$ cat structure-v1.txt   # compact mmCIF, C-alpha atoms
# COMPACT_ATOMS: atom_id res chain seq x y z
CA MET V 55 -0.62 1.50 7.91
CA VAL V 56 -2.36 -0.94 5.59
CA LEU V 57 -6.06 -0.80 4.90
CA GLY V 58 -7.59 -4.18 5.60
CA ASP V 59 -9.02 -4.81 2.14
CA ASN V 60 -5.67 -4.71 0.32
CA ILE V 61 -3.33 -7.48 -0.84
CA PHE V 62 0.18 -6.80 -2.15
CA PHE V 63 2.47 -9.24 -3.91
CA GLY V 64 5.70 -9.04 -5.86
CA GLN V 65 9.37 -9.83 -6.08
CA GLY V 66 11.27 -7.04 -4.35
CA LEU V 67 8.31 -5.91 -2.25
CA PRO V 68 10.22 -6.29 1.04
CA ASP V 69 12.99 -4.03 -0.29
CA LEU V 70 10.48 -1.43 -1.48
CA LEU V 71 8.79 -1.41 1.93
CA THR V 72 12.08 -1.32 3.82
CA SER V 73 13.14 1.71 1.80
CA ALA V 74 9.91 3.51 2.68
CA ASP V 75 10.26 2.53 6.33
CA GLN V 76 13.74 4.06 6.50
CA ARG V 77 12.36 7.54 5.80
CA LYS V 78 11.95 8.98 9.28
CA GLN V 79 10.10 12.16 8.29
CA GLY V 80 7.01 12.65 6.14
CA GLY V 81 4.88 10.09 4.41
CA THR V 82 5.29 7.53 1.67
CA VAL V 83 2.46 6.13 -0.42
CA PHE V 84 2.46 3.77 -3.37
CA GLY V 85 0.96 4.51 -6.78
CA TYR V 86 -0.27 1.64 -8.91
CA ARG V 87 -1.49 1.87 -12.51
CA VAL V 88 -5.17 0.80 -12.78
CA ALA V 89 -7.74 0.55 -15.55
CA ASP V 90 -10.46 2.24 -13.48
CA PRO V 91 -8.83 5.12 -11.57
CA GLU V 92 -12.16 6.81 -10.84
CA ARG V 93 -12.73 4.18 -8.11
CA TYR V 94 -9.70 5.33 -6.08
CA GLY V 95 -7.68 8.20 -4.75
CA VAL V 96 -5.60 9.20 -7.78
CA VAL V 97 -2.17 10.81 -8.04
CA ALA V 98 -1.86 13.86 -10.32
CA PHE V 99 1.60 14.49 -11.78
CA ASP V 100 3.04 17.69 -13.22
CA GLY V 101 5.02 17.84 -16.48
CA ASP V 102 8.19 16.74 -14.69
CA GLY V 103 6.55 13.68 -13.14
CA GLN V 104 6.32 15.24 -9.69
CA VAL V 105 3.16 14.72 -7.65
CA ASN V 106 1.09 17.87 -7.36
CA ALA V 107 -2.25 16.50 -6.06
CA ILE V 108 -4.09 13.48 -4.76
CA ILE V 109 -7.75 13.45 -5.71
CA GLU V 110 -10.32 11.12 -4.15
CA LYS V 111 -12.48 9.27 -6.70
CA PRO V 112 -12.27 11.90 -9.47
CA GLU V 113 -14.82 11.93 -12.29
CA ASN V 114 -12.00 12.76 -14.73
CA PRO V 115 -8.83 11.17 -13.33
CA PRO V 116 -5.63 13.12 -14.02
CA SER V 117 -3.65 9.87 -14.29
CA ASP V 118 -4.08 6.11 -14.14
CA TYR V 119 -2.15 5.87 -10.86
CA ALA V 120 -4.27 4.97 -7.85
CA VAL V 121 -2.98 5.45 -4.33
CA THR V 122 -2.90 1.97 -2.82
CA GLY V 123 -4.03 1.22 0.71
CA LEU V 124 -0.46 1.11 2.03
CA TYR V 125 0.95 4.13 3.86
CA PHE V 126 4.12 4.87 5.77
CA LEU V 127 3.45 7.95 7.89
CA ASP V 128 5.60 9.65 10.51
CA GLU V 129 4.68 10.51 14.07
CA THR V 130 2.82 13.67 12.98
CA ALA V 131 0.02 11.61 11.38
CA PRO V 132 -2.29 11.47 14.44
CA ALA V 133 -2.18 15.25 14.91
CA ARG V 134 -2.73 15.80 11.19
CA ALA V 135 -5.62 13.31 11.19
CA ARG V 136 -7.38 15.20 14.00
CA GLU V 137 -7.53 18.21 11.67
CA VAL V 138 -9.21 16.33 8.80
CA LYS V 139 -12.81 17.40 8.18
CA PRO V 140 -15.49 15.31 6.45
CA SER V 141 -15.48 15.55 2.65
CA ALA V 142 -18.43 16.48 0.44
CA ARG V 143 -19.25 12.76 0.57
CA GLY V 144 -19.48 13.05 4.38
CA GLU V 145 -16.42 10.85 4.94
CA LEU V 146 -13.03 11.38 6.51
CA GLU V 147 -10.79 10.79 3.51
CA ILE V 148 -7.25 9.41 3.76
CA THR V 149 -6.40 11.56 0.73
CA THR V 150 -7.05 14.69 2.83
CA LEU V 151 -4.48 13.49 5.35
CA LEU V 152 -2.01 12.65 2.57
CA GLU V 153 -2.45 16.09 1.03
CA THR V 154 -1.20 17.68 4.27
CA TYR V 155 2.08 15.89 3.66
CA LEU V 156 2.05 16.86 -0.01
CA HIS V 157 1.46 20.55 0.78
CA ASP V 158 4.41 20.73 3.15
CA GLY V 159 6.67 18.88 0.70
CA SER V 160 7.07 15.73 2.78
CA LEU V 161 5.10 13.19 0.71
CA THR V 162 6.90 10.60 -1.40
CA VAL V 163 4.99 8.57 -3.99
CA GLU V 164 6.65 5.32 -5.04
CA ARG V 165 5.29 3.90 -8.30
CA MET V 166 4.76 0.16 -8.18
CA GLY V 167 5.67 -1.28 -11.57
CA ARG V 168 4.44 -4.25 -13.55
CA GLY V 169 6.23 -6.76 -11.33
CA TYR V 170 3.85 -6.07 -8.46
CA ALA V 171 0.26 -7.00 -7.83
CA TRP V 172 -2.08 -4.82 -5.78
CA LEU V 173 -5.53 -6.20 -5.16
CA ASP V 174 -8.14 -3.98 -3.54
CA THR V 175 -10.81 -6.35 -2.28
CA GLY V 176 -13.48 -3.72 -1.66
CA THR V 177 -16.10 -5.28 -3.95
CA HIS V 178 -17.48 -8.81 -4.19
CA ALA V 179 -15.89 -9.29 -7.60
CA SER V 180 -12.47 -7.99 -6.53
CA LEU V 181 -12.54 -10.18 -3.41
CA LEU V 182 -13.16 -13.22 -5.62
CA ASP V 183 -10.35 -12.10 -7.96
CA ALA V 184 -7.98 -11.83 -4.99
CA GLY V 185 -8.93 -15.26 -3.68
CA ASN V 186 -8.35 -16.79 -7.11
CA PHE V 187 -5.01 -14.99 -7.42
CA VAL V 188 -3.77 -16.33 -4.08
CA ARG V 189 -5.12 -19.81 -4.80
CA THR V 190 -3.37 -19.91 -8.17
CA LEU V 191 -0.04 -18.79 -6.69
CA GLU V 192 -0.17 -21.30 -3.86
CA ARG V 193 -1.14 -24.21 -6.11
CA ARG V 194 1.44 -23.50 -8.81
CA GLN V 195 4.33 -22.63 -6.52
CA GLY V 196 3.51 -24.93 -3.62
CA LEU V 197 4.31 -22.06 -1.25
CA GLN V 198 2.11 -20.33 1.26
CA THR V 199 1.33 -16.74 0.31
CA GLY V 200 1.27 -13.92 2.85
CA CYS V 201 2.87 -15.67 5.81
CA PRO V 202 4.56 -12.80 7.69
CA ARG V 203 6.51 -15.19 9.91
CA LYS V 204 8.19 -16.86 6.95
CA SER V 205 9.47 -13.79 5.14
CA PRO V 206 11.92 -12.46 7.76
CA LEU V 207 12.99 -15.96 8.70
CA SER V 208 13.65 -16.97 5.11
CA ARG V 209 16.05 -14.07 4.70
CA ALA V 210 17.79 -15.12 7.94
CA GLY V 211 18.08 -18.70 6.68
CA SER V 212 15.74 -20.26 9.25
CA MET V 213 12.38 -21.26 7.79
CA PRO V 214 9.64 -22.57 10.14
CA THR V 215 7.72 -25.63 9.02
CA SER V 216 4.38 -23.82 9.18
CA CYS V 217 3.11 -20.30 9.43
CA ALA V 218 1.65 -21.12 12.84
CA SER V 219 5.07 -21.84 14.38
CA GLY V 220 8.12 -19.71 14.90
CA PRO V 221 8.98 -16.57 16.82
CA SER V 222 6.88 -13.43 16.84
CA PHE V 223 7.91 -10.22 15.12
CA SER V 224 6.93 -6.63 15.73
CA PRO V 225 4.34 -5.11 13.36
CA ARG V 226 7.04 -2.85 11.90
CA THR V 227 9.26 -5.85 11.08
CA ILE V 228 6.33 -7.76 9.61
CA MET V 229 5.31 -4.77 7.48
CA ALA V 230 8.80 -4.51 6.04
CA ALA V 231 8.95 -8.23 5.37
CA ILE V 232 5.64 -8.90 3.64

$ encode --input "structure-v1.txt" --output "structure tokens"
Amino acid sequence: MVLGDNIFFGQGLPDLLTSADQRKQGGTVFGYRVADPERYGVVAFDGDGQVNAIIEKPENPPSDYAVTGLYFLDETAPARAREVKPSARGELEITTLLETYLHDGSLTVERMGRGYAWLDTGTHASLLDAGNFVRTLERRQGLQTGCPRKSPLSRAGSMPTSCASGPSFSPRTIMAAI
């Protein structure tokens, strides 16, 4: 599952996503170091670097690692989601769902390093930043960014001439390829 206001980019991203997709049980989320963790769900780590909590928009963040809007969840997610109650903010929080996986020991947090870009476009300024980022990449590299049809085909050695042409892929294949 990917929240609609998120953009991910980076060399090796397809491999990272494929690895998460191969886990058949539990959930996998991605932590990304940010300068303003109080805006996000934040991962708390113990002394050994193991995740011990996910806290939604904490006043005093326990780390600088935000949980990105990209989740790989198993088939128990719908049943778990039905049990989620509104938070003190009156919202159904994804972090509450993720904590159910954490509490039963089935949550994996993959840290996205410096070679990746995660852009949360939830504010006007961050949407503009994301647009400028994509524009810069496309102009400098001369390649279209975020074309899900090109990624799996490029690995197979058959590149369509445009993103609008070529065969269709299942959402699971596209997710692993972006």

$ atom_distance --input "structure-v1.txt" --atom1 "CA of Gln65 (chain V)" --atom2 "CA of Ala120 (chain V)"
20.2 Å

$ closest_residue --input "structure-v1.txt" --among "V:Tyr125, V:Trp172, V:Phe63, V:Tyr94" --to "Leu151 (chain V)" --atoms "only C-alpha atoms"
V:Tyr125

$ residues_near_point --input "structure-v1.txt" --point "(4.1, 9.4, -7.3)" --cutoff "7 Å" --atoms "all atoms listed in the file" --output "ChimeraX atom specification"
/V:85,97,104-105,162-165

$ closest_residue --input "structure-v1.txt" --among "V:Thr130, V:Asn186, V:Gln76, V:Asn114" --to "Gly95 (chain V)" --atoms "all atoms listed in the file"
V:Asn114

$ closest_residue --input "structure-v1.txt" --among "V:Leu70, V:Leu173, V:Leu191, V:Ala107" --to "Leu152 (chain V)" --atoms "all atoms listed in the file"
V:Ala107

$ residues_near_point --input "structure-v1.txt" --point "(-6.4, -15.2, -7.9)" --cutoff "12 Å" --atoms "all atoms listed in the file" --output "PyMOL selection string"
chain V and resi 61+63+171-173+175+179-194+199

$ atom_distance --input "structure-v1.txt" --atom1 "CA of Val121 (chain V)" --atom2 "CA of Thr177 (chain V)"
17.0 Å

$ atom_distance --input "structure-v1.txt" --atom1 "CA of Thr82 (chain V)" --atom2 "CA of Pro140 (chain V)"
22.7 Å

$ axis_aligned_box --input "structure-v1.txt" --around "region 130-145 of chain V" --padding-each-side "5 Å" --output "lines of an AutoDock Vina configuration file"
center_x = -8.3
center_y = 14.5
center_z = 7.7
size_x = 32.3
size_y = 17.4
size_z = 24.5

$ closest_residue --input "structure-v1.txt" --among "V:Leu146, V:Met166, V:Leu67, V:Leu161" --to "Asp128 (chain V)" --atoms "all atoms listed in the file"
V:Leu161

$ closest_residue --input "structure-v1.txt" --among "V:Leu57, V:Leu127, V:Ile108, V:Gly144" --to "Asp75 (chain V)" --atoms "only C-alpha atoms"
V:Leu127
